[in-house]
Structure formats: structure tokens, C-alpha cells
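Asks: I am sharing start.cif, which consists of mmCIF, C-alpha atoms:
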```cif
data_work
#
loop_
_atom_site.label_atom_id
_atom_site.label_comp_id
_atom_site.auth_asym_id
_atom_site.auth_seq_id
_atom_site.Cartn_x
_atom_site.Cartn_y
_atom_site.Cartn_z
CA MET A 1 -5.43 -35.12 -11.11
CA GLU A 2 -2.53 -33.26 -12.71
CA ALA A 3 -2.64 -35.61 -15.71
CA TYR A 4 -6.38 -34.95 -16.10
CA ARG A 5 -5.81 -31.18 -15.85
CA LYS A 6 -3.19 -31.32 -18.60
CA TRP A 7 -5.45 -33.49 -20.78
CA VAL A 8 -8.38 -31.06 -20.38
CA TRP A 9 -6.23 -28.06 -21.28
CA LYS A 10 -4.66 -29.79 -24.26
CA ASN A 11 -8.04 -30.98 -25.60
CA ARG A 12 -10.15 -28.06 -24.35
CA GLU A 13 -11.97 -27.48 -27.64
CA PHE A 14 -12.91 -31.15 -27.91
CA VAL A 15 -13.98 -31.24 -24.24
CA GLN A 16 -16.21 -28.19 -24.64
CA SER A 17 -17.79 -29.54 -27.83
CA LEU A 18 -18.47 -32.91 -26.21
CA GLU A 19 -20.02 -31.26 -23.16
CA SER A 20 -22.31 -29.16 -25.35
CA LEU A 21 -23.42 -32.29 -27.25
CA LEU A 22 -24.12 -34.28 -24.07
CA ASN A 23 -25.96 -31.41 -22.43
CA GLY A 24 -28.10 -31.04 -25.52
CA LEU A 25 -28.93 -34.74 -25.52
CA THR A 26 -30.17 -34.56 -21.93
CA TRP A 27 -33.13 -32.54 -23.21
CA MET A 28 -34.21 -35.63 -25.14
CA LEU A 29 -34.13 -37.95 -22.13
CA PRO A 30 -37.45 -39.73 -21.45
CA GLU A 31 -39.66 -38.15 -18.77
CA ARG A 32 -37.59 -34.95 -18.76
CA PHE A 33 -40.64 -32.88 -17.87
CA SER A 34 -42.78 -35.58 -16.25
CA ASP A 35 -43.64 -35.97 -12.57
CA SER A 36 -40.82 -38.49 -12.13
CA GLU A 37 -38.02 -36.39 -13.67
CA ILE A 38 -35.55 -36.60 -10.78
CA GLY A 39 -33.43 -39.14 -12.69
CA PRO A 40 -33.00 -37.07 -15.88
CA GLU A 41 -32.33 -33.92 -13.86
CA ALA A 42 -29.72 -35.75 -11.77
CA VAL A 43 -27.93 -36.80 -14.96
CA SER A 44 -28.10 -33.26 -16.31
CA SER A 45 -26.77 -31.80 -13.02
CA LEU A 46 -23.90 -34.28 -12.90
CA LEU A 47 -22.85 -33.41 -16.45
CA GLY A 48 -23.15 -29.75 -15.60
CA ILE A 49 -20.89 -30.02 -12.56
CA ILE A 50 -18.29 -31.91 -14.58
CA SER A 51 -18.47 -29.17 -17.21
CA SER A 52 -17.98 -26.55 -14.47
CA MET A 53 -14.94 -28.40 -13.16
CA ASN A 54 -13.43 -28.61 -16.65
CA GLN A 55 -14.12 -24.93 -17.25
CA HIS A 56 -12.47 -24.17 -13.91
CA ILE A 57 -9.33 -25.97 -15.13
CA ILE A 58 -9.37 -24.16 -18.48
CA ASP A 59 -9.86 -20.74 -16.86
CA ALA A 60 -7.07 -21.37 -14.35
CA ASP A 61 -4.56 -22.40 -17.01
CA SER A 62 -5.66 -19.58 -19.32
CA ALA A 63 -5.19 -16.98 -16.59
CA GLN A 64 -1.82 -18.47 -15.67
CA LYS A 65 -0.58 -18.29 -19.26
CA ARG A 66 -1.95 -14.79 -19.82
CA THR A 67 -0.93 -13.03 -16.60
CA GLY A 68 1.45 -15.44 -14.91
CA VAL A 69 -0.85 -15.50 -11.88
CA THR A 70 -3.69 -17.87 -11.05
CA PRO A 71 -6.56 -15.95 -9.35
CA GLU A 72 -7.56 -18.76 -7.00
CA SER A 73 -10.20 -16.80 -5.05
CA LEU A 74 -11.94 -15.65 -8.23
CA LEU A 75 -11.83 -19.15 -9.71
CA SER A 76 -13.28 -20.59 -6.50
CA TRP A 77 -16.24 -18.17 -6.55
CA SER A 78 -16.77 -18.88 -10.24
CA PHE A 79 -16.75 -22.65 -9.69
CA PHE A 80 -19.15 -22.46 -6.73
CA ILE A 81 -21.57 -20.26 -8.68
CA SER A 82 -21.47 -22.57 -11.71
CA SER A 83 -22.00 -25.68 -9.59
CA LEU A 84 -24.94 -24.15 -7.74
CA LYS A 85 -26.53 -23.16 -11.05
CA GLU A 86 -26.22 -26.75 -12.24
CA LEU A 87 -27.78 -28.13 -9.05
CA GLU A 88 -30.67 -25.71 -8.66
CA THR A 89 -33.05 -27.42 -11.11
CA LEU A 90 -32.51 -30.78 -9.42
CA VAL A 91 -33.18 -29.14 -6.04
CA GLU A 92 -36.35 -27.53 -7.42
CA VAL A 93 -37.67 -30.88 -8.72
CA VAL A 94 -36.85 -32.79 -5.52
CA VAL A 95 -38.34 -30.13 -3.24
CA GLU A 96 -41.49 -29.85 -5.34
CA GLN A 97 -42.10 -33.61 -5.21
CA PHE A 98 -41.46 -33.97 -1.47
CA TYR A 99 -42.70 -30.63 -0.09
CA GLY A 100 -45.15 -29.32 -2.66
CA ASP A 101 -45.26 -26.47 -5.14
CA ASP A 102 -45.86 -23.71 -2.58
CA LYS A 103 -42.97 -24.52 -0.23
CA LYS A 104 -40.46 -24.87 -3.04
CA TRP A 105 -40.23 -21.09 -3.25
CA ASN A 106 -38.57 -20.99 0.17
CA PHE A 107 -35.77 -23.21 -1.12
CA ILE A 108 -35.51 -21.29 -4.39
CA ALA A 109 -35.30 -17.99 -2.50
CA SER A 110 -32.49 -19.45 -0.37
CA MET A 111 -30.55 -20.54 -3.47
CA GLU A 112 -30.99 -17.17 -5.15
CA GLY A 113 -29.87 -15.42 -1.97
CA ILE A 114 -26.73 -17.58 -1.77
CA LYS A 115 -25.95 -16.96 -5.45
CA ALA A 116 -26.41 -13.21 -4.97
CA MET A 117 -23.98 -13.14 -2.04
CA MET A 118 -21.40 -15.19 -3.92
CA ARG A 119 -21.71 -12.93 -6.97
CA LEU A 120 -21.31 -9.82 -4.86
CA ALA A 121 -18.21 -11.36 -3.26
CA LEU A 122 -16.81 -12.14 -6.72
CA PHE A 123 -17.67 -8.61 -7.87
CA ARG A 124 -15.68 -7.21 -4.94
CA ASP A 125 -12.73 -9.59 -5.21
CA SER A 126 -12.37 -9.01 -8.96
CA GLY A 127 -11.90 -5.29 -8.47
CA TYR A 128 -15.53 -4.50 -9.36
CA LYS A 129 -15.30 -5.78 -12.90
CA MET A 130 -18.48 -6.62 -14.76
CA LEU A 131 -19.67 -10.16 -14.05
CA LEU A 132 -19.70 -12.41 -17.10
CA GLN A 133 -22.32 -15.16 -17.39
CA GLY A 134 -23.51 -14.33 -13.88
CA GLY A 135 -20.03 -14.95 -12.48
CA ALA A 136 -19.61 -18.33 -14.14
CA SER A 137 -16.84 -16.94 -16.39
CA LEU A 138 -13.92 -14.82 -15.27
CA ASN A 139 -13.51 -11.31 -16.60
CA VAL A 140 -9.78 -11.28 -17.37
CA GLU A 141 -9.82 -9.57 -20.77
CA GLU A 142 -7.85 -6.34 -21.12
CA LYS A 143 -9.75 -3.08 -21.44
CA PRO A 144 -9.38 -1.00 -24.61
CA GLY A 145 -6.00 0.68 -24.56
CA GLY A 146 -4.53 -2.11 -22.44
CA CYS A 147 -5.72 -0.69 -19.14
CA ASN A 148 -7.83 -2.60 -16.66
CA VAL A 149 -7.91 -0.04 -13.87
CA PRO A 150 -8.32 3.73 -13.87
CA ARG A 151 -5.21 5.88 -13.96
CA SER A 152 -4.51 6.69 -10.34
CA ASP A 153 -1.76 7.58 -7.94
CA PHE A 154 -0.31 4.98 -5.57
CA ARG A 155 -3.11 5.47 -3.05
CA GLY A 156 -5.77 4.59 -5.60
CA TYR A 157 -7.38 8.01 -6.12
CA HIS A 158 -8.34 8.75 -9.70
CA THR A 159 -6.50 11.92 -10.72
CA ARG A 160 -8.24 12.72 -14.02
CA ASN A 161 -11.25 14.35 -12.42
CA LEU A 162 -11.79 17.11 -9.93
CA GLU A 163 -13.24 14.82 -7.24
CA GLY A 164 -10.26 12.49 -7.43
CA ARG A 165 -7.76 15.31 -7.11
CA ALA A 166 -9.71 16.76 -4.19
CA MET A 167 -9.76 13.39 -2.41
CA PHE A 168 -6.03 13.04 -2.99
CA ALA A 169 -5.34 16.51 -1.63
CA LEU A 170 -7.48 15.90 1.46
CA ASN A 171 -5.74 12.59 2.02
CA ARG A 172 -2.29 14.23 1.80
CA PHE A 173 -3.41 17.01 4.13
CA GLY A 174 -4.68 14.48 6.68
CA GLU A 175 -1.46 12.49 6.54
CA ASN A 176 0.66 15.62 7.03
CA ALA A 177 -1.48 16.67 9.97
CA LYS A 178 -1.15 13.21 11.48
CA ILE A 179 2.64 13.27 11.09
CA ASN A 180 2.91 16.71 12.69
CA SER A 181 0.69 15.72 15.60
CA ASP A 182 2.35 12.38 16.35
CA PRO A 183 4.04 12.34 19.77
CA ALA A 184 7.82 12.12 19.93
CA TRP A 185 7.80 8.63 21.49
CA LEU A 186 5.73 7.27 18.61
CA LYS A 187 8.12 8.77 16.06
CA ARG A 188 11.08 7.19 17.86
CA LEU A 189 9.25 3.85 17.93
CA GLN A 190 8.57 4.01 14.19
CA HIS A 191 12.04 5.32 13.35
CA GLY A 192 14.11 2.82 11.46
CA ARG A 193 11.15 0.60 10.57
CA PRO A 194 11.30 -0.13 6.84
CA SER A 195 8.41 1.36 4.95
CA ILE A 196 6.36 -0.91 2.71
CA PRO A 197 5.36 0.77 -0.53
CA LYS A 198 1.72 0.48 -1.45
CA SER A 199 0.93 -0.97 -4.83
CA PRO A 200 -2.02 0.20 -6.88
CA GLY A 201 -3.63 -3.23 -6.85
CA LYS A 202 -7.27 -3.67 -7.73
CA PRO A 203 -9.72 -0.77 -7.60
CA THR A 204 -11.56 -0.48 -4.30
CA LEU A 205 -15.17 0.58 -3.82
CA SER A 206 -14.08 4.08 -2.78
CA THR A 207 -11.94 4.29 -5.91
CA ILE A 208 -14.85 3.34 -8.15
CA LEU A 209 -17.29 5.67 -6.42
CA SER A 210 -14.89 8.59 -6.91
CA GLN A 211 -14.89 8.14 -10.68
CA ASP A 212 -16.17 11.09 -12.69
CA SER A 213 -18.87 12.33 -10.35
CA TYR A 214 -21.92 10.03 -10.47
CA LEU A 215 -20.63 7.51 -13.03
CA GLY A 216 -18.89 5.26 -10.49
CA ALA A 217 -22.00 5.07 -8.32
CA LEU A 218 -24.22 4.31 -11.33
CA TYR A 219 -21.86 1.57 -12.48
CA VAL A 220 -21.86 -0.17 -9.09
CA MET A 221 -25.62 0.23 -8.69
CA GLY A 222 -26.24 -1.21 -12.16
CA GLU A 223 -24.19 -4.34 -11.41
CA VAL A 224 -25.75 -4.77 -7.96
CA LEU A 225 -29.26 -4.52 -9.45
CA HIS A 226 -28.33 -7.16 -12.02
CA VAL A 227 -27.07 -9.45 -9.23
CA ILE A 228 -30.03 -9.11 -6.86
CA ARG A 229 -32.78 -9.11 -9.52
CA PRO A 230 -33.50 -12.90 -9.35
CA PHE A 231 -33.60 -12.82 -5.55
CA VAL A 232 -36.03 -9.88 -5.58
CA TYR A 233 -38.17 -11.65 -8.18
CA VAL A 234 -38.49 -14.81 -6.06
CA LEU A 235 -39.30 -12.81 -2.92
CA PHE A 236 -42.18 -11.12 -4.73
CA ILE A 237 -43.39 -14.47 -6.09
CA ARG A 238 -43.50 -15.80 -2.52
CA LYS A 239 -45.58 -12.80 -1.47
CA TYR A 240 -47.93 -12.32 -4.43
CA GLY A 241 -47.88 -15.66 -6.24
CA LEU A 242 -46.67 -16.72 -9.67
CA ARG A 243 -49.87 -15.63 -11.43
CA SER A 244 -49.61 -12.02 -10.26
CA TRP A 245 -48.21 -9.30 -12.48
CA VAL A 246 -46.42 -7.65 -9.55
CA PRO A 247 -43.32 -9.94 -9.49
CA TRP A 248 -43.14 -9.85 -13.30
CA LEU A 249 -43.23 -6.04 -13.43
CA VAL A 250 -40.88 -5.52 -10.47
CA SER A 251 -38.32 -7.90 -11.98
CA LEU A 252 -38.55 -6.14 -15.36
CA ALA A 253 -38.17 -2.73 -13.72
CA VAL A 254 -35.05 -3.82 -11.81
CA GLU A 255 -33.61 -5.34 -15.00
CA LEU A 256 -34.23 -2.26 -17.12
CA ASN A 257 -32.81 0.06 -14.48
CA GLY A 258 -29.65 -2.02 -14.12
CA VAL A 259 -28.96 -2.19 -17.86
CA GLY A 260 -29.94 1.45 -18.27
CA MET A 261 -27.42 2.60 -15.66
CA LEU A 262 -24.70 0.49 -17.22
CA SER A 263 -25.49 1.78 -20.72
CA LEU A 264 -25.41 5.38 -19.49
CA VAL A 265 -22.02 4.92 -17.81
CA THR A 266 -20.41 3.18 -20.78
CA LYS A 267 -21.55 5.60 -23.48
CA PRO A 268 -18.47 6.97 -25.28
CA HIS A 269 -19.23 10.62 -24.48
CA HIS A 270 -19.56 9.73 -20.77
CA SER A 271 -16.74 7.24 -20.33
CA GLY A 272 -14.35 9.41 -22.35
CA SER A 273 -10.74 8.50 -21.74
CA ASN A 274 -11.51 6.59 -18.53
CA ALA A 275 -10.53 3.05 -19.46
CA PHE A 276 -12.38 1.50 -16.53
CA PHE A 277 -15.77 2.41 -18.05
CA GLN A 278 -14.83 1.37 -21.58
CA LEU A 279 -16.18 -2.09 -22.31
CA SER A 280 -13.94 -4.89 -23.49
CA ALA A 281 -15.16 -7.28 -26.19
CA ALA A 282 -16.24 -9.81 -23.55
CA GLU A 283 -18.15 -7.13 -21.63
CA LYS A 284 -19.92 -5.92 -24.77
CA HIS A 285 -20.94 -9.51 -25.43
CA GLU A 286 -22.20 -9.76 -21.84
CA VAL A 287 -24.35 -6.64 -22.22
CA GLY A 288 -25.84 -8.15 -25.38
CA ARG A 289 -26.46 -11.42 -23.55
CA ARG A 290 -28.31 -9.63 -20.76
CA LYS A 291 -30.55 -7.88 -23.26
CA MET A 292 -31.26 -11.18 -25.02
CA LEU A 293 -32.46 -12.59 -21.70
CA TRP A 294 -35.32 -10.10 -21.76
CA ALA A 295 -37.04 -12.56 -24.11
CA LEU A 296 -37.55 -14.83 -21.08
CA TYR A 297 -40.24 -12.45 -19.84
CA LEU A 298 -42.45 -13.84 -22.62
CA VAL A 299 -42.29 -17.34 -21.11
CA ARG A 300 -42.75 -16.24 -17.50
CA ASP A 301 -46.18 -16.24 -15.97
CA PRO A 302 -48.58 -14.55 -16.14
CA CYS A 303 -47.48 -13.34 -19.60
CA PHE A 304 -46.98 -16.87 -20.94
CA THR A 305 -50.30 -18.25 -19.72
CA LYS A 306 -52.38 -15.26 -20.79
CA TYR A 307 -50.80 -14.27 -24.12
CA VAL A 308 -48.17 -16.67 -25.42
CA ARG A 309 -49.27 -20.25 -24.82
CA HIS A 310 -52.44 -20.23 -26.89
CA ARG A 311 -50.56 -18.64 -29.80
CA LEU A 312 -47.99 -21.42 -29.67
CA GLU A 313 -50.76 -24.02 -29.67
CA LYS A 314 -52.40 -22.36 -32.67
CA THR A 315 -49.07 -22.38 -34.50
CA GLU A 316 -48.60 -26.07 -33.72
CA LYS A 317 -52.02 -26.90 -35.17
CA ALA A 318 -51.39 -24.78 -38.25
CA VAL A 319 -48.06 -26.39 -39.21
CA GLY A 320 -48.85 -29.85 -37.85
CA PRO A 321 -49.81 -31.39 -41.20
CA VAL A 322 -46.54 -30.24 -42.84
CA PRO A 323 -44.02 -33.10 -42.92
CA VAL A 324 -40.87 -32.66 -40.87
CA VAL A 325 -41.64 -29.00 -40.14
CA GLY A 326 -44.74 -29.97 -38.19
CA PHE A 327 -42.84 -32.57 -36.18
CA LEU A 328 -39.97 -30.22 -35.36
CA THR A 329 -42.32 -27.38 -34.44
CA ALA A 330 -44.32 -29.64 -32.14
CA LYS A 331 -41.14 -30.85 -30.43
CA VAL A 332 -39.84 -27.31 -29.89
CA ILE A 333 -43.18 -26.17 -28.47
CA GLU A 334 -43.32 -29.25 -26.22
CA LEU A 335 -39.85 -28.48 -24.84
CA LEU A 336 -40.73 -24.80 -24.39
CA ILE A 337 -43.94 -25.53 -22.51
CA GLY A 338 -42.14 -28.13 -20.39
CA ALA A 339 -39.28 -25.79 -19.55
CA GLN A 340 -41.73 -23.05 -18.67
CA THR A 341 -42.97 -25.12 -15.74
CA ARG A 342 -39.54 -24.88 -14.07
CA TYR A 343 -38.46 -21.58 -12.55
CA THR A 344 -34.76 -22.41 -12.89
CA TYR A 345 -35.05 -22.90 -16.67
CA ILE A 346 -36.46 -19.43 -17.27
CA SER A 347 -35.02 -17.47 -14.35
CA GLY A 348 -32.15 -16.01 -16.36
CA SER A 349 -29.98 -16.09 -13.24
#
```
Please rewrite the model in this file as C-alpha cells.

Replies:
Amino acid sequence: MEAYRKWVWKNREFVQSLESLLNGLTWMLPERFSDSEIGPEAVSSLLGIISSMNQHIIDADSAQKRTGVTPESLLSWSFFISSLKELETLVEVVVEQFYGDDKKWNFIASMEGIKAMMRLALFRDSGYKMLLQGGASLNVEEKPGGCNVPRSDFRGYHTRNLEGRAMFALNRFGENAKINSDPAWLKRLQHGRPSIPKSPGKPTLSTILSQDSYLGALYVMGEVLHVIRPFVYVLFIRKYGLRSWVPWLVSLAVELNGVGMLSLVTKPHHSGSNAFFQLSAAEKHEVGRRKMLWALYLVRDPCFTKYVRHRLEKTEKAVGPVPVVGFLTAKVIELLIGAQTRYTYISGS
């Protein structure tokens, strides 16, 4: 295994290029969107899990070389999330064939609930850093100015704002009161015991929530909304059905609120000199990726069935007689219509 790990790290660019090529070819497998597509989906899931394992190796070695520490717990959450994402389409196909289209939503809701819990655990364990690729990639890039955590004293209270200084003062007052009220026998018992200095470590939830009045709370709420949005969407589909506008609109509202809160917090005139709220290059790319995913609402029912599909079919007929272009357009539309029948292809989760 160690030899394989070294080979993957040494040839990581080749490995990633090969994985992208193979994953792209799986879309051309026969019967990919037919009723008997378990085989093609199994092949695609297997390749995906292998890709997740290789990415796990690359992330571990990259973190080790950059920081000297391998964040095993974060890598484990990232690997589990990636593997579940690769398996979910296969699970959807199998469940639909054996249990029917209606009951598959129970299984999908369970998978989305598990992914949401794992992402929230990763969000906590990473020190409440923004999740990249839904937790599939680790957020280890330095913040602008070389700071990953807010400037704080050794107890973790942010001292650049009034609330942080007040919390620090109250904490010191409480500790002094506790020391003065401790009985003599307890002081004698603790006398001579070596004190263990507290290190700043990762930001805690209380640290984040104390940041610059409401900004910390908005930041956490925005990330939580992004995490739970797919789960909420599936729950509303179970209740109202896929053809109803209610799940579509609720999902869009949750998405817009989450990105809106994050955008408000990270605006330069709000984040100011607080490095925690200043986006790194990877986080800026992630915000752009989340906004690009809004395009998936066009291929989700009922929007797709009522407004998009017939326009695609008209386009296919219009360019069909054109050599090459007609063939390519027809193939793209065929893949798009086929992918639209699978929740996991257009879930954006």
C-alpha cells in the first residue's frame, strides 16, 4: 500500500487526468440511461471510489508537506463524503428498479441526511472553515495575510471587537471570582500540580459567533443552509411530489439565503481586517462554483418539463440537418434529458 501511495503522489497529475478521461467515457457506456443501467452505474461508482481514494492520498501527502501534520479526521470525513457521493446514483438506480419510483425518495432522503451530518461534522472539525466541493476537498489554503484564524488571546476570544473584549473581561472576572471562592483544601490539592498552557487551536463555535457582532452568526448560518439544502429539498419532494413547485422554490430560497449571508459577511467593508472572513483563492472559487450550480434549477422539475424540454427538442430539430453539429447537439441533448431523470445527477449536493 505504501508503494501505491508513493506512486500516486509522484504521478498525481497523470492519475487525475486518467481518472477524468475514464469518468468521461462512462457517459458513453451502452444503456447508461436505460432501464437496465445498474451495470454502467456500478462501473462509474467503482471508478469514482478509486478516484476518491487516490484524492485522499494526494490530500494527505499535500497537507503533510505543507503543514507537517496530516489531518486524519478531516481526511476521513472527506473520503467518506466523496465515496457516498459516488455510490448514491447506483443506490438510486437499484432502489428504483426493486422498490419503485415513489419509495426511492426514502432512501435518497436517508443518504442526504447522512451526507448533511458528515458535512456538519467536517465543518466543526475543520474549525468552521468553508466546505469545498461539499466537503470532498479539504480547505487547507492560507487566508489572505497568512492568517487562518482570527486574532485572539489564548482563550480564543477575538479581541478586535467590543463583544470579544467584553467576553474576555467577563471570563477573567469569572475566573478570579472562582479562585477567590475556592476552599482552602481545594487550593492545597491543586498546589504543585503543573499547569498546562492552553493553545489557541482551531476556532470554536463560540469564537466564531463572537466575531464582529452578527457576522459570525451569519457566516455559520450561511454554511449550515448550504449543507442542509439538499436534505430539505428531498423532504419537500417526498411531501409534495417532484412535479410541484413547492420543493423547487423552497430549495432555491434556502440556496439564495445561504449564498446571500456568505456574500454579506465576506464583503470587504464588512470583513475589514478580520482575516477569518476574508476568502482565500480556493474559497472564492467555491463561491463561484455554488453560484454556477444555480443553473441546475433549469433541469429540475417542474421547470424542465414545463419550460426547458420542448425548447431543447425544437433546437435539436432545427440543427439536426447540419452535419456534425446536428449529431453533437443531439447527443448532448440526449445526455441532458437522460441525466435529468436521475435526482443524483442534478441534485448539486

Asks: Could you write out as a list in words the residues that the PyMOL selection byres ((chain A and resi 138) around 8) matches in the shown file?

Replies: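 Going through the file, the PyMOL selection byres ((chain A and resi 138) around 8) ends up selecting Asp59, Leu74, Leu75, Ser78, Leu131, Leu132, Gly135, Ala136, Ser137, Asn139 and Val140 of chain A.
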
Asks: For the file shown, report as a list in words the outcome of the PyMOL selection byres ((chain A and resi 349) around 9) at residue level.

Replies: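 So the PyMOL selection byres ((chain A and resi 349) around 9), applied here, picks out Lys85, Glu112, Lys115, Gln133, Gly134, Val227, Arg229, Pro230, Thr344, Ile346, Ser347 and Gly348 of chain A.
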
Asks: So which one's closest to A:Glu96, A:Asp61, A:Glu316, A:Asp125, A:Glu37? Using only C-alpha atoms, please.

Replies: A:Glu37

Asks: In Å, with one decimal, what is the gap from atom CA of A:Ile114 to atom CA of A:Tyr343?

Replies: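 It comes out at 16.4 Å.
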
Asks: On this structure, which residues satisfy the PyMOL selection byres ((chain A and resi 323-333) around 12), written as a list of chain:residue names?

Replies: A:Trp27, A:Met28, A:Val299, A:Val308, A:Arg309, A:His310, A:Arg311, A:Leu312, A:Glu313, A:Lys314, A:Thr315, A:Glu316, A:Lys317, A:Ala318, A:Val319, A:Gly320, A:Pro321, A:Val322, A:Glu334, A:Leu335, A:Leu336, A:Ile337, A:Gly338, A:Ala339, A:Gln340

Asks: Using all atoms listed in the file, which residues sit within 7 Å of stretch 235-241 of chain A once same-chain residues fewer than 5 positions away are excluded, as a PyMOL selection string?

Replies: chain A and resi 105+109+247

Asks: Take the residues that were just selected and, keeping C-alpha atoms, output them as a short mmCIF file (atom, residue, chain, number, x, y, z; two decimals), in the coordinates of the input.

Replies:
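Result file is selection_22.cif:
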```cif
data_model
loop_
_atom_site.label_atom_id
_atom_site.label_comp_id
_atom_site.auth_asym_id
_atom_site.auth_seq_id
_atom_site.Cartn_x
_atom_site.Cartn_y
_atom_site.Cartn_z
CA TRP A 105 -40.23 -21.09 -3.25
CA ALA A 109 -35.30 -17.99 -2.50
CA PRO A 247 -43.32 -9.94 -9.49
#
```

Asks: Find the spatial neighbours of A:Val93, counting only C-alpha atoms, within a cut-off of 12 Å - ignore same-chain residues fewer than 6 positions away - and output them as a list of chain:residue names.

Replies: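 With the cut-off at 12 Å, the set is A:Arg32, A:Phe33, A:Ser34, A:Asp35, A:Ser36, A:Glu37, A:Ile38, A:Gly39, A:Pro40, A:Glu41, A:Ala42, A:Ser45, A:Leu87, A:Tyr99, A:Gly100, A:Asp101, A:Lys103, A:Lys104, A:Trp105, A:Phe107, A:Ile108, A:Thr341, A:Arg342, A:Tyr343, A:Thr344, A:Tyr345.
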
Asks: As an exercise, work out the distance from atom CA of A:Met118 to atom CA of A:Ala295 in Å and give it to one decimal place.

Replies: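 Computing the Euclidean distance for atom CA of A:Met118 and atom CA of A:Ala295 yields 25.7 Å.
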
Asks: Rounded to one decimal, what separation in Å do you get between atom CA of A:Leu18 and atom CA of A:Asn54?

Replies: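 These two atoms are separated by 11.6 Å.
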
Asks: Find the residues around A:Lys129 up to 10 Å (only C-alpha atoms counted), leave out those fewer than 2 positions away in its own chain, and share them as a list of chain:residue names.

Replies: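 Selected residues are A:Leu122, A:Phe123, A:Arg124, A:Asp125, A:Ser126, A:Gly127, A:Leu131, A:Leu132, A:Leu138, A:Asn139, A:Val140, A:Asn148, A:Val149, A:Lys202, A:Pro203, A:Tyr219, A:Val220, A:Glu223, A:Phe276, A:Phe277, A:Glu283.
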
Asks: At a cut-off of 8 Å, using only C-alpha atoms, what residues contact A:Ser44? Leave out same-chain residues fewer than 6 positions from it and give the result as a list in words.

Replies: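 The filter keeps Asn23, Thr26 and Glu86 of chain A.
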
Asks: Which of these, A:Lys6, A:Arg119, A:Arg300, A:Arg243, has the shortest distance to A:Trp77 once you count only C-alpha atoms?

Replies: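 Comparing A:Lys6, A:Arg119, A:Arg300, A:Arg243 against A:Trp77, the winner is A:Arg119.
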
Asks: Find the residue from A:Leu242, A:Val8, A:Val254, A:Ala282 that sits nearest to A:Cys303; use only C-alpha atoms when measuring.

Replies: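 Result for the nearest residue to A:Cys303: A:Leu242.
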
Asks: Have a look at A:Ile50, A:Gly260, A:Leu205, A:Ile58 and name the one nearest to A:Trp7; count all atoms listed in the file.

Replies: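 Looking at the shortest contact to A:Trp7, the residue is A:Ile58.
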
Asks: Hey, which of A:Ala281, A:Ile228, A:Leu47, A:Leu252 ends up closest to A:Leu296? Count only C-alpha atoms.

Replies: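 Once distances to A:Leu296 are computed over only C-alpha atoms, the minimum belongs to A:Leu252.
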
Asks: Skipping near chain neighbours, those fewer than 5 positions away, what residues fall within 10 Å of A:Val250 using all atoms listed in the file, listed as number ranges by chain?

Replies: A: 229, 232-233, 236, 245, 255-256

Asks: Find, counting only C-alpha atoms, the residue in A:Phe231, A:Trp248, A:Phe304, A:Tyr4 that gets nearest to A:Asn106.

Replies: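 Among the listed residues, A:Phe231 lies closest to A:Asn106.
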